[in-house]
$ cat data-v6.tsv   # TSV, C-alpha atoms and all ligand atoms
chain	number	residue	atom	x	y	z
A	1	MET	CA	-2.67	41.68	-23.62
A	2	THR	CA	-3.30	45.07	-25.19
A	3	MET	CA	-0.71	46.33	-27.62
A	4	TYR	CA	-0.83	49.98	-28.55
A	5	GLU	CA	0.05	51.88	-31.66
A	6	PHE	CA	2.41	54.74	-30.87
A	7	ARG	CA	1.89	58.08	-32.48
A	8	SER	CA	4.93	59.11	-34.45
A	9	PRO	CA	6.91	61.95	-32.84
A	10	GLN	CA	7.81	63.27	-36.27
A	11	ALA	CA	5.77	64.72	-39.07
A	12	ASN	CA	5.32	62.63	-42.18
A	13	THR	CA	6.37	59.38	-40.56
A	14	LEU	CA	4.22	56.41	-39.75
A	15	ASN	CA	2.91	55.53	-36.32
A	16	ARG	CA	4.65	52.45	-35.01
A	17	ASP	CA	2.96	49.32	-33.74
A	18	SER	CA	4.26	48.00	-30.41
A	19	ASP	CA	3.65	44.48	-31.71
A	20	LEU	CA	6.90	45.00	-33.61
A	21	ASP	CA	8.89	46.14	-30.56
A	22	SER	CA	10.41	43.01	-29.02
A	23	GLY	CA	11.10	44.90	-25.82
A	24	ILE	CA	7.44	45.69	-25.32
A	25	ILE	CA	6.26	42.22	-26.29
A	26	SER	CA	8.57	40.59	-23.76
A	27	HIS	CA	7.63	43.17	-21.14
A	28	GLU	CA	3.96	42.35	-21.48
A	29	TYR	CA	4.48	38.61	-21.41
A	30	CYS	CA	6.48	38.93	-18.22
A	31	HIS	CA	3.51	40.47	-16.45
A	32	GLY	CA	1.92	37.08	-16.78
A	33	LEU	CA	5.02	35.47	-15.35
A	34	SER	CA	5.37	37.70	-12.29
A	35	ARG	CA	1.68	37.81	-11.51
A	36	ARG	CA	1.19	34.07	-11.70
A	37	LEU	CA	4.28	33.09	-9.74
A	38	THR	CA	4.05	35.55	-6.87
A	39	GLY	CA	2.23	34.36	-3.78
A	40	GLY	CA	1.81	30.76	-4.79
A	41	ALA	CA	0.30	28.82	-7.62
A	42	SER	CA	-3.31	29.32	-6.62
A	43	ASN	CA	-3.23	33.09	-6.29
A	44	SER	CA	-2.86	35.47	-9.22
A	45	ASN	CA	-3.74	38.62	-7.28
A	46	CYS	CA	-0.56	39.19	-5.30
A	47	LEU	CA	0.97	42.24	-6.92
A	48	ASN	CA	-0.82	45.23	-5.49
A	49	GLY	CA	-0.01	48.47	-3.72
A	50	ASP	CA	2.27	51.35	-4.59
A	51	GLN	CA	5.49	49.48	-3.78
A	52	GLU	CA	4.78	46.89	-6.43
A	53	ALA	CA	7.61	45.76	-8.65
A	54	GLY	CA	5.70	44.19	-11.53
A	55	GLU	CA	6.70	46.82	-14.05
A	56	GLY	CA	10.29	46.31	-13.00
A	57	TRP	CA	10.25	42.58	-13.55
A	58	SER	CA	8.72	43.13	-16.94
A	59	ASP	CA	11.39	45.64	-17.89
A	60	LEU	CA	14.01	43.16	-16.75
A	61	CYS	CA	12.56	40.44	-18.96
A	62	SER	CA	12.73	42.88	-21.83
A	63	LEU	CA	16.35	43.77	-21.12
A	64	PHE	CA	17.25	40.13	-20.69
A	65	VAL	CA	15.87	38.80	-23.96
A	66	THR	CA	17.20	41.72	-26.00
A	67	ALA	CA	20.71	41.74	-24.50
A	68	SER	CA	23.72	41.66	-26.77
A	69	ALA	CA	27.08	40.00	-26.20
A	70	THR	CA	28.75	43.32	-26.87
A	71	ASP	CA	26.88	45.13	-24.11
A	72	THR	CA	28.67	46.25	-20.97
A	73	ARG	CA	27.38	47.44	-17.61
A	74	ASP	CA	27.68	51.00	-18.89
A	75	THR	CA	25.76	50.39	-22.11
A	76	PRO	CA	22.60	52.52	-22.02
A	77	ARG	CA	19.50	50.40	-22.50
A	78	GLY	CA	16.16	52.05	-23.17
A	79	LEU	CA	12.65	50.62	-23.13
A	80	GLY	CA	10.30	51.28	-26.01
A	81	VAL	CA	12.90	52.88	-28.23
A	82	TYR	CA	11.64	51.40	-31.48
A	83	VAL	CA	8.12	52.77	-31.20
A	84	LEU	CA	9.51	56.21	-30.36
A	85	TYR	CA	11.89	56.24	-33.32
A	86	GLN	CA	14.88	56.23	-30.99
A	87	THR	CA	18.15	54.37	-31.27
A	88	PRO	CA	18.70	51.47	-28.83
A	89	ASP	CA	20.56	53.74	-26.44
A	90	GLY	CA	17.65	56.19	-26.27
A	91	ARG	CA	15.81	56.88	-23.04
A	92	GLY	CA	12.59	55.40	-24.33
A	93	ILE	CA	9.59	55.56	-22.04
A	94	ARG	CA	11.32	55.40	-18.65
A	95	PRO	CA	12.81	58.16	-16.46
A	96	SER	CA	16.28	57.16	-17.61
A	97	VAL	CA	18.07	54.43	-19.48
A	98	TYR	CA	19.09	51.27	-17.67
A	99	THR	CA	22.78	51.32	-16.85
A	100	THR	CA	24.92	50.80	-13.77
A	101	ASN	CA	26.53	54.18	-14.38
A	102	MET	CA	25.37	56.44	-11.55
A	103	ASP	CA	26.27	59.53	-13.54
A	104	ILE	CA	23.53	58.61	-16.02
A	105	ASN	CA	20.96	56.70	-13.95
A	106	ASN	CA	21.24	57.66	-10.29
A	107	PHE	CA	17.85	56.46	-9.07
A	108	THR	CA	17.67	54.78	-5.68
A	109	TYR	CA	15.11	53.17	-3.38
A	110	GLY	CA	14.36	56.26	-1.29
A	111	GLN	CA	13.09	58.13	-4.32
A	112	ILE	CA	10.07	55.90	-4.85
A	113	ALA	CA	8.21	58.09	-2.35
A	114	ASP	CA	8.46	61.09	-4.67
A	115	ARG	CA	5.38	61.22	-6.87
A	116	ASN	CA	6.74	64.21	-8.77
A	117	LEU	CA	9.76	62.17	-9.76
A	118	LEU	CA	8.44	58.65	-10.21
A	119	THR	CA	5.02	57.45	-11.27
A	120	ILE	CA	3.15	54.44	-9.99
A	121	PRO	CA	3.57	51.78	-11.18
A	122	HIS	CA	6.01	52.35	-14.03
A	123	GLY	CA	8.40	54.82	-12.40
A	124	VAL	CA	8.53	52.86	-9.17
A	125	GLY	CA	9.05	49.62	-11.05
A	126	PHE	CA	11.85	51.28	-12.96
A	127	VAL	CA	13.77	51.71	-9.69
A	128	TRP	CA	13.31	48.04	-8.86
A	129	ALA	CA	14.60	47.07	-12.28
A	130	THR	CA	17.52	49.49	-11.95
A	131	ALA	CA	18.63	47.74	-8.76
A	132	ASN	CA	18.25	44.33	-10.34
A	133	TRP	CA	20.24	45.53	-13.32
A	134	GLU	CA	23.15	46.00	-10.91
A	135	VAL	CA	22.79	42.40	-9.77
A	136	TYR	CA	22.53	41.22	-13.36
A	137	TRP	CA	25.83	42.84	-14.22
A	138	ASN	CA	27.54	41.62	-11.07
A	139	MET	CA	26.55	38.15	-12.21
A	140	VAL	CA	27.64	38.70	-15.82
A	141	ASP	CA	30.97	40.09	-14.64
A	142	ARG	CA	31.54	36.93	-12.63
A	143	TYR	CA	30.20	34.28	-15.00
A	144	GLY	CA	30.28	35.93	-18.39
A	145	PHE	CA	27.49	36.37	-20.92
A	146	ASP	CA	25.90	33.40	-22.68
A	147	PRO	CA	23.61	34.26	-25.61
A	148	ASP	CA	21.80	30.90	-25.38
A	149	LEU	CA	18.59	31.88	-23.61
A	150	TYR	CA	17.48	28.28	-23.24
A	151	LYS	CA	20.53	26.34	-22.12
A	152	GLY	CA	23.07	29.04	-21.35
A	153	ASN	CA	25.04	29.14	-18.13
A	154	GLY	CA	26.33	32.69	-18.12
A	155	GLY	CA	25.72	35.29	-15.49
A	156	ASN	CA	22.79	36.58	-17.51
A	157	ASN	CA	21.13	33.16	-17.47
A	158	ARG	CA	21.88	32.63	-13.79
A	159	TYR	CA	20.49	35.99	-12.85
A	160	PHE	CA	17.29	35.36	-14.77
A	161	GLN	CA	16.83	32.01	-13.03
A	162	LEU	CA	17.29	33.64	-9.63
A	163	MET	CA	14.81	36.34	-10.53
A	164	VAL	CA	12.18	33.82	-11.59
A	165	ASP	CA	12.79	31.62	-8.56
A	166	GLY	CA	12.51	34.68	-6.36
A	167	LEU	CA	9.05	35.25	-7.81
A	168	LYS	CA	8.12	31.74	-6.76
A	169	LEU	CA	9.43	32.18	-3.24
A	170	GLN	CA	8.11	35.59	-2.33
A	171	LYS	CA	4.95	36.16	-0.37
A	172	CYS	CA	1.77	37.77	-1.59
A	173	ASN	CA	2.10	41.53	-2.04
A	174	PRO	CA	5.85	41.73	-1.49
A	175	THR	CA	7.67	44.98	-0.90
A	176	PHE	CA	10.89	45.60	-2.78
A	177	LEU	CA	12.81	44.30	0.21
A	178	ASP	CA	10.69	41.17	0.42
A	179	ALA	CA	11.45	40.59	-3.25
A	180	ARG	CA	15.15	41.26	-2.69
A	181	ASN	CA	15.21	38.69	0.08
A	182	ALA	CA	13.45	36.16	-2.10
A	183	ILE	CA	16.23	36.46	-4.69
A	184	ILE	CA	18.85	36.00	-1.98
A	185	GLN	CA	16.92	33.02	-0.72
A	186	ALA	CA	16.75	31.59	-4.23
A	187	ASP	CA	20.53	31.76	-4.49
A	188	ILE	CA	20.93	29.98	-1.17
A	189	ILE	CA	18.61	27.22	-2.31
A	190	ASN	CA	19.96	26.94	-5.85
A	191	ASN	CA	23.63	27.70	-5.37
A	192	ARG	CA	24.29	27.40	-1.64
A	193	GLY	CA	24.58	31.16	-1.54
A	194	ALA	CA	27.46	31.43	-3.98
A	195	ASN	CA	26.22	34.79	-5.20
A	196	VAL	CA	24.72	36.26	-2.06
A	197	CYS	CA	27.25	39.05	-1.78
A	198	LEU	CA	26.96	39.93	-5.46
A	199	ILE	CA	23.23	40.27	-4.92
A	200	TRP	CA	23.62	42.35	-1.76
A	201	LYS	CA	26.09	44.68	-3.42
A	202	GLY	CA	23.79	45.27	-6.35
A	203	PHE	CA	20.82	46.12	-4.19
A	204	ALA	CA	22.84	48.14	-1.70
A	205	LYS	CA	24.19	50.35	-4.47
A	206	ARG	CA	20.61	51.38	-5.17
A	207	GLY	CA	19.55	51.93	-1.58
A	208	MET	CA	18.26	48.50	-0.68
A	209	GLY	CA	21.10	47.62	1.65
A	210	ILE	CA	21.14	45.69	4.88
A	211	ASN	CA	19.59	48.51	6.94
A	212	ALA	CA	16.98	49.62	4.40
A	213	ASN	CA	13.44	49.65	5.71
A	214	ASP	CA	10.26	49.20	3.72
A	215	GLY	CA	8.06	50.57	6.47
A	216	GLY	CA	6.42	47.20	6.89
A	217	ASP	CA	3.84	47.65	4.16
A	218	ILE	CA	3.47	48.15	0.44
A	219	ARG	CA	3.27	51.93	0.57
A	220	THR	CA	6.16	53.91	-0.87
A	221	THR	CA	5.99	56.90	1.44
A	222	ASP	CA	7.60	55.29	4.48
A	223	VAL	CA	10.66	53.63	3.03
A	224	THR	CA	14.21	54.29	4.20
A	225	GLU	CA	17.13	53.60	1.94
A	226	ASP	CA	20.50	52.27	3.00
A	227	PHE	CA	23.66	51.61	1.07
A	228	ASN	CA	25.44	49.11	3.28
A	229	VAL	CA	26.08	45.43	2.65
A	230	PRO	CA	26.47	42.82	5.38
A	231	PRO	CA	29.94	43.02	6.93
A	232	GLU	CA	30.81	39.62	5.54
A	233	CYS	CA	30.43	41.00	2.03
A	234	LEU	CA	32.94	43.78	2.51
A	235	ASN	CA	35.81	41.34	2.27
A	236	PRO	CA	34.39	38.02	1.07
A	237	THR	CA	37.73	36.28	0.88
A	238	ASN	CA	38.02	36.52	4.66
A	239	ALA	CA	34.53	35.27	5.39
A	240	PRO	CA	34.27	32.30	7.72
A	241	SER	CA	34.38	29.05	5.79
A	242	THR	CA	31.54	27.51	7.73
A	243	SER	CA	28.71	29.67	8.88
A	244	PRO	CA	25.62	28.02	10.36
A	245	SER	CA	23.42	30.26	8.28
A	246	MET	CA	24.97	28.89	5.12
A	247	GLN	CA	24.49	25.23	5.86
A	248	PRO	CA	21.87	23.52	3.69
A	249	SER	CA	20.08	22.02	6.66
A	250	SER	CA	19.40	25.41	8.11
A	251	LEU	CA	18.41	27.16	4.92
A	252	PRO	CA	14.97	28.67	4.92
A	253	THR	CA	12.50	27.18	2.54
A	254	GLN	CA	9.86	29.87	2.82
A	255	PRO	CA	10.05	33.63	2.44
A	256	PRO	CA	10.41	35.66	5.62
A	257	SER	CA	7.12	35.98	7.42
A	258	ARG	CA	7.89	39.51	8.55
A	259	PRO	CA	9.32	42.50	6.71
A	260	PRO	CA	12.98	41.63	6.17
A	261	SER	CA	14.14	45.07	7.18
A	262	LYS	CA	13.07	44.23	10.71
A	263	GLN	CA	14.96	40.98	10.76
A	264	PRO	CA	18.49	41.82	9.68
A	265	SER	CA	19.97	39.09	11.83
A	266	SER	CA	18.00	36.43	10.00
A	267	LEU	CA	19.12	37.43	6.56
A	268	PRO	CA	21.65	35.38	4.68
A	269	THR	CA	24.80	37.41	4.88
A	270	GLN	CA	27.79	35.37	3.95
A	271	PRO	CA	29.24	33.93	0.79
A	272	PRO	CA	30.20	30.28	0.73
A	273	SER	CA	33.78	29.23	1.06
A	274	SER	CA	33.54	27.43	-2.27
A	275	SER	CA	33.30	30.51	-4.38
A	276	PRO	CA	36.38	30.20	-6.56
A	277	THR	CA	35.62	33.07	-8.86
A	278	GLN	CA	34.75	35.68	-6.26
A	279	PRO	CA	35.96	38.95	-7.73
A	280	PRO	CA	38.53	40.88	-5.75
A	281	SER	CA	37.09	43.41	-3.38
A	282	SER	CA	38.83	46.13	-5.33
A	283	SER	CA	36.70	45.54	-8.40
A	284	PRO	CA	34.79	48.70	-9.27
A	285	SER	CA	31.63	46.68	-9.54
A	286	GLN	CA	32.07	45.48	-6.00
A	287	GLN	CA	32.25	48.84	-4.29
A	288	PRO	CA	28.68	50.03	-4.01
A	289	THR	CA	28.68	49.98	-0.25
A	290	THR	CA	28.61	53.67	0.40
A	291	ALA	CA	25.98	56.18	-0.49
A	292	PRO	CA	26.22	57.31	-4.07
A	293	THR	CA	27.46	60.81	-4.51
A	294	ALA	CA	25.97	61.50	-7.90
A	295	SER	CA	23.69	64.48	-8.02
A	296	LYS	CA	20.00	63.81	-7.75
A	297	SER	CA	19.20	67.16	-9.25
A	298	GLY	CA	18.35	65.84	-12.67
A	299	LYS	CA	14.67	65.27	-12.11
A	300	LEU	CA	13.09	64.03	-15.22
A	301	GLY	CA	9.48	64.58	-14.35
A	302	LYS	CA	6.63	62.21	-14.79
A	303	VAL	CA	6.78	59.53	-17.36
A	304	GLN	CA	3.94	59.33	-19.75
A	305	LYS	CA	2.12	56.07	-19.34
A	306	VAL	CA	2.28	54.59	-22.76
A	307	PHE	CA	1.90	50.93	-22.01
A	308	ASP	CA	0.99	48.83	-19.04
B	401	ZN	ZN	4.00	46.81	-17.81

$ encode --input "data-v6.tsv" --output "structure tokens"
Amino acid sequence: MTMYEFRSPQANTLNRDSDLDSGIISHEYCHGLSRRLTGGASNSNCLNGDQEAGEGWSDLCSLFVTASATDTRDTPRGLGVYVLYQTPDGRGIRPSVYTTNMDINNFTYGQIADRNLLTIPHGVGFVWATANWEVYWNMVDRYGFDPDLYKGNGGNNRYFQLMVDGLKLQKCNPTFLDARNAIIQADIINNRGANVCLIWKGFAKRGMGINANDGGDIRTTDVTEDFNVPPECLNPTNAPSTSPSMQPSSLPTQPPSRPPSKQPSSLPTQPPSSSPTQPPSSSPSQQPTTAPTASKSGKLGKVQKVFD
């Protein structure tokens, strides 16, 4: 792991050492996590290509371990703010702060093809993390926040477990949609799909909905975004109580062998009937099923690569 010293942006102030930025430390450690878990235990070379989410997982680890009980889904969270002499709500070293507020961070899946807007790998990974941040908050809104990182049972802890288990399940060189499906699959295996619709709604809000297409490879230039969730997730309280796809005996144990965007009928689509705390469909956090209307005009340009 290489930790850099950041040049101070102000005169007469000291450069800052990224060893003292907990967000950067946790980001770097998480590269080891994602790289070693993806594609099986015997392969540590499974995160390649332009549509590679490693930077996103690392940002998510950083956000996760530095979260505060007073945060909300609208709280701006920046990466690398300490080394840049910014406050915690500063933009840091990413194209925008992490937040579910589309008026502030309106990045979506289709934009990863734009090299003038998003760099590889950090800008592209930022979009993956932005989508996962939606899922994180859908989970926290349902289960609450538990500050105990080791034994907690809040939505934050549950999300992190799903993310890590998704790493274990996904194939070598996954696209964003492969990785999305692995998280859904992890929830089916761990929780009998109790959170499948929360996951779909988070991803769909950021363009990785049911009809999104990754182009079948790990390039970024042939992706198609989509903002729709499976029909069953539009009104979860009316979902069938017993769907064959939700039965444990029929649950998949391996990641999809083909790009998930080409197999919409095989995707887990329904919440379980035993989901007592399913939020009402009128919850603001549960309405990301249509294309966002926020302006995309606020291009922020390339992000300087300041750490890996
Ligand atoms: Zn990194």

$ closest_residue --input "data-v6.tsv" --among "A:Pro9, A:Gly78, A:Pro95, A:Pro121" --to "ligand ZN 401 (chain B)" --atoms "all atoms listed in the file"
A:Pro121

$ closest_atom_pairs --input "data-v6.tsv" --of "chain A" --to "ligand ZN 401 (chain B)" --cutoff "8 Å" --atoms "all atoms listed in the file" --output "Markdown table"
| residue | atom | partner | partner_atom | distance |
| --- | --- | --- | --- | --- |
| A:His27 | CA | B:ZN401 | ZN | 6.1 |
| A:Glu28 | CA | B:ZN401 | ZN | 5.8 |
| A:His31 | CA | B:ZN401 | ZN | 6.5 |
| A:Gly54 | CA | B:ZN401 | ZN | 7.0 |
| A:Glu55 | CA | B:ZN401 | ZN | 4.6 |
| A:Gly56 | CA | B:ZN401 | ZN | 7.9 |
| A:Ser58 | CA | B:ZN401 | ZN | 6.0 |
| A:Asp59 | CA | B:ZN401 | ZN | 7.5 |
| A:His122 | CA | B:ZN401 | ZN | 7.0 |
| A:Phe307 | CA | B:ZN401 | ZN | 6.2 |
| A:Asp308 | CA | B:ZN401 | ZN | 3.8 |

$ closest_atom_pairs --input "data-v6.tsv" --of "stretch 90-140 of chain A" --to "stretch 153-171 of chain A" --cutoff "9 Å" --atoms "all atoms listed in the file" --output "CSV"
residue,atom,partner,partner_atom,distance
A:Asn132,CA,A:Met163,CA,8.7
A:Val135,CA,A:Tyr159,CA,7.5
A:Tyr136,CA,A:Tyr159,CA,5.6
A:Trp137,CA,A:Gly155,CA,7.7
A:Asn138,CA,A:Gly155,CA,7.9
A:Met139,CA,A:Gly155,CA,4.4
A:Val140,CA,A:Gly155,CA,3.9

$ atom_distance --input "data-v6.tsv" --atom1 "atom CA of A:Ala129" --atom2 "atom CA of A:Asp114"
17.1 Å

$ atom_distance --input "data-v6.tsv" --atom1 "atom CA of A:Asn106" --atom2 "atom CA of A:Glu134"
11.8 Å

$ closest_atom_pairs --input "data-v6.tsv" --of "stretch 94-183 of chain A" --to "stretch 79-84 of chain A" --cutoff "10 Å" --atoms "all atoms listed in the file" --output "tab-separated table"
residue	atom	partner	partner_atom	distance
A:Arg94	CA	A:Leu79	CA	6.7
A:Ser96	CA	A:Leu79	CA	9.3
A:Val97	CA	A:Leu79	CA	7.6
A:Tyr98	CA	A:Leu79	CA	8.5

$ closest_residue --input "data-v6.tsv" --among "A:Asn228, A:Asn12, A:Thr130, A:Thr87" --to "A:Thr99" --atoms "all atoms listed in the file"
A:Thr130

$ closest_residue --input "data-v6.tsv" --among "A:Phe227, A:Tyr143, A:Tyr85, A:Tyr29" --to "A:Val65" --atoms "all atoms listed in the file"
A:Tyr29

$ closest_residue --input "data-v6.tsv" --among "A:Cys46, A:Leu198, A:Ala204, A:Leu60" --to "A:Gly110" --atoms "only C-alpha atoms"
A:Ala204

$ atom_distance --input "data-v6.tsv" --atom1 "atom CA of A:Arg73" --atom2 "atom CA of A:Asn101"
7.5 Å

$ closest_residue --input "data-v6.tsv" --among "A:Phe145, A:Phe107, A:Phe126, A:Phe203" --to "A:Phe64" --atoms "only C-alpha atoms"
A:Phe145

$ closest_residue --input "data-v6.tsv" --among "A:Cys61, A:Ile104, A:Ile24, A:Ala53" --to "A:Asp74" --atoms "only C-alpha atoms"
A:Ile104

$ decode --input "data-v6.tsv" --residues "stretch 111-143 of chain A" --atoms "N, CA and C atoms" --output "PDB file, in the first residue's frame"
ATOM      1  N   GLN A 111     -23.546   7.523 -17.578  1.00  0.00           N
ATOM      2  CA  GLN A 111     -22.484   8.519 -17.704  1.00  0.00           C
ATOM      3  C   GLN A 111     -21.081   7.928 -17.638  1.00  0.00           C
ATOM      4  N   ILE A 112     -20.969   6.655 -17.286  1.00  0.00           N
ATOM      5  CA  ILE A 112     -19.617   6.093 -17.174  1.00  0.00           C
ATOM      6  C   ILE A 112     -18.928   5.990 -18.529  1.00  0.00           C
ATOM      7  N   ALA A 113     -19.677   6.181 -19.597  1.00  0.00           N
ATOM      8  CA  ALA A 113     -19.069   6.158 -20.934  1.00  0.00           C
ATOM      9  C   ALA A 113     -18.392   7.480 -21.276  1.00  0.00           C
ATOM     10  N   ASP A 114     -18.631   8.502 -20.510  1.00  0.00           N
ATOM     11  CA  ASP A 114     -18.149   9.846 -20.827  1.00  0.00           C
ATOM     12  C   ASP A 114     -16.795  10.100 -20.164  1.00  0.00           C
ATOM     13  N   ARG A 115     -15.760   9.997 -20.955  1.00  0.00           N
ATOM     14  CA  ARG A 115     -14.397  10.168 -20.415  1.00  0.00           C
ATOM     15  C   ARG A 115     -14.123  11.609 -20.009  1.00  0.00           C
ATOM     16  N   ASN A 116     -14.850  12.555 -20.585  1.00  0.00           N
ATOM     17  CA  ASN A 116     -14.647  13.945 -20.193  1.00  0.00           C
ATOM     18  C   ASN A 116     -15.296  14.256 -18.842  1.00  0.00           C
ATOM     19  N   LEU A 117     -16.190  13.386 -18.451  1.00  0.00           N
ATOM     20  CA  LEU A 117     -16.913  13.593 -17.199  1.00  0.00           C
ATOM     21  C   LEU A 117     -16.355  12.734 -16.069  1.00  0.00           C
ATOM     22  N   LEU A 118     -16.028  11.486 -16.399  1.00  0.00           N
ATOM     23  CA  LEU A 118     -15.626  10.533 -15.362  1.00  0.00           C
ATOM     24  C   LEU A 118     -14.358   9.800 -15.772  1.00  0.00           C
ATOM     25  N   THR A 119     -13.398   9.791 -14.901  1.00  0.00           N
ATOM     26  CA  THR A 119     -12.133   9.116 -15.168  1.00  0.00           C
ATOM     27  C   THR A 119     -12.261   7.614 -14.895  1.00  0.00           C
ATOM     28  N   ILE A 120     -11.299   6.888 -15.432  1.00  0.00           N
ATOM     29  CA  ILE A 120     -11.146   5.473 -15.107  1.00  0.00           C
ATOM     30  C   ILE A 120      -9.864   5.338 -14.303  1.00  0.00           C
ATOM     31  N   PRO A 121      -9.903   4.702 -13.176  1.00  0.00           N
ATOM     32  CA  PRO A 121     -11.030   3.979 -12.578  1.00  0.00           C
ATOM     33  C   PRO A 121     -11.803   4.767 -11.525  1.00  0.00           C
ATOM     34  N   HIS A 122     -11.258   5.904 -11.076  1.00  0.00           N
ATOM     35  CA  HIS A 122     -11.864   6.529  -9.894  1.00  0.00           C
ATOM     36  C   HIS A 122     -13.233   7.148 -10.163  1.00  0.00           C
ATOM     37  N   GLY A 123     -13.378   7.828 -11.301  1.00  0.00           N
ATOM     38  CA  GLY A 123     -14.670   8.436 -11.598  1.00  0.00           C
ATOM     39  C   GLY A 123     -15.746   7.396 -11.842  1.00  0.00           C
ATOM     40  N   VAL A 124     -15.385   6.349 -12.569  1.00  0.00           N
ATOM     41  CA  VAL A 124     -16.333   5.270 -12.834  1.00  0.00           C
ATOM     42  C   VAL A 124     -16.713   4.566 -11.526  1.00  0.00           C
ATOM     43  N   GLY A 125     -15.716   4.295 -10.715  1.00  0.00           N
ATOM     44  CA  GLY A 125     -15.999   3.663  -9.425  1.00  0.00           C
ATOM     45  C   GLY A 125     -16.871   4.531  -8.543  1.00  0.00           C
ATOM     46  N   PHE A 126     -16.725   5.827  -8.681  1.00  0.00           N
ATOM     47  CA  PHE A 126     -17.560   6.760  -7.918  1.00  0.00           C
ATOM     48  C   PHE A 126     -19.040   6.562  -8.235  1.00  0.00           C
ATOM     49  N   VAL A 127     -19.359   6.277  -9.501  1.00  0.00           N
ATOM     50  CA  VAL A 127     -20.760   6.044  -9.868  1.00  0.00           C
ATOM     51  C   VAL A 127     -21.273   4.750  -9.242  1.00  0.00           C
ATOM     52  N   TRP A 128     -20.433   3.721  -9.235  1.00  0.00           N
ATOM     53  CA  TRP A 128     -20.832   2.474  -8.580  1.00  0.00           C
ATOM     54  C   TRP A 128     -21.106   2.719  -7.087  1.00  0.00           C
ATOM     55  N   ALA A 129     -20.224   3.448  -6.449  1.00  0.00           N
ATOM     56  CA  ALA A 129     -20.414   3.717  -5.026  1.00  0.00           C
ATOM     57  C   ALA A 129     -21.649   4.591  -4.792  1.00  0.00           C
ATOM     58  N   THR A 130     -21.903   5.525  -5.696  1.00  0.00           N
ATOM     59  CA  THR A 130     -23.093   6.369  -5.554  1.00  0.00           C
ATOM     60  C   THR A 130     -24.362   5.523  -5.564  1.00  0.00           C
ATOM     61  N   ALA A 131     -24.420   4.549  -6.462  1.00  0.00           N
ATOM     62  CA  ALA A 131     -25.600   3.673  -6.520  1.00  0.00           C
ATOM     63  C   ALA A 131     -25.716   2.835  -5.247  1.00  0.00           C
ATOM     64  N   ASN A 132     -24.597   2.322  -4.798  1.00  0.00           N
ATOM     65  CA  ASN A 132     -24.619   1.524  -3.564  1.00  0.00           C
ATOM     66  C   ASN A 132     -24.975   2.361  -2.350  1.00  0.00           C
ATOM     67  N   TRP A 133     -24.622   3.628  -2.413  1.00  0.00           N
ATOM     68  CA  TRP A 133     -24.972   4.527  -1.307  1.00  0.00           C
ATOM     69  C   TRP A 133     -26.488   4.656  -1.190  1.00  0.00           C
ATOM     70  N   GLU A 134     -27.182   4.573  -2.308  1.00  0.00           N
ATOM     71  CA  GLU A 134     -28.653   4.552  -2.277  1.00  0.00           C
ATOM     72  C   GLU A 134     -29.151   3.306  -1.547  1.00  0.00           C
ATOM     73  N   VAL A 135     -28.541   2.164  -1.870  1.00  0.00           N
ATOM     74  CA  VAL A 135     -28.951   0.914  -1.224  1.00  0.00           C
ATOM     75  C   VAL A 135     -28.658   0.979   0.276  1.00  0.00           C
ATOM     76  N   TYR A 136     -27.476   1.478   0.591  1.00  0.00           N
ATOM     77  CA  TYR A 136     -27.092   1.628   2.000  1.00  0.00           C
ATOM     78  C   TYR A 136     -28.171   2.390   2.762  1.00  0.00           C
ATOM     79  N   TRP A 137     -28.600   3.499   2.209  1.00  0.00           N
ATOM     80  CA  TRP A 137     -29.576   4.315   2.940  1.00  0.00           C
ATOM     81  C   TRP A 137     -30.962   3.708   2.931  1.00  0.00           C
ATOM     82  N   ASN A 138     -31.307   2.976   1.881  1.00  0.00           N
ATOM     83  CA  ASN A 138     -32.576   2.245   1.933  1.00  0.00           C
ATOM     84  C   ASN A 138     -32.552   1.237   3.079  1.00  0.00           C
ATOM     85  N   MET A 139     -31.405   0.627   3.272  1.00  0.00           N
ATOM     86  CA  MET A 139     -31.265  -0.343   4.370  1.00  0.00           C
ATOM     87  C   MET A 139     -31.277   0.353   5.734  1.00  0.00           C
ATOM     88  N   VAL A 140     -30.563   1.469   5.840  1.00  0.00           N
ATOM     89  CA  VAL A 140     -30.541   2.190   7.122  1.00  0.00           C
ATOM     90  C   VAL A 140     -31.937   2.725   7.452  1.00  0.00           C
ATOM     91  N   ASP A 141     -32.643   3.199   6.448  1.00  0.00           N
ATOM     92  CA  ASP A 141     -34.003   3.686   6.704  1.00  0.00           C
ATOM     93  C   ASP A 141     -34.904   2.567   7.206  1.00  0.00           C
ATOM     94  N   ARG A 142     -34.660   1.352   6.759  1.00  0.00           N
ATOM     95  CA  ARG A 142     -35.517   0.248   7.211  1.00  0.00           C
ATOM     96  C   ARG A 142     -35.088  -0.288   8.592  1.00  0.00           C
ATOM     97  N   TYR A 143     -33.783  -0.444   8.766  1.00  0.00           N
ATOM     98  CA  TYR A 143     -33.305  -1.146   9.958  1.00  0.00           C
ATOM     99  C   TYR A 143     -32.604  -0.242  10.976  1.00  0.00           C
TER     100      TYR A 143
END
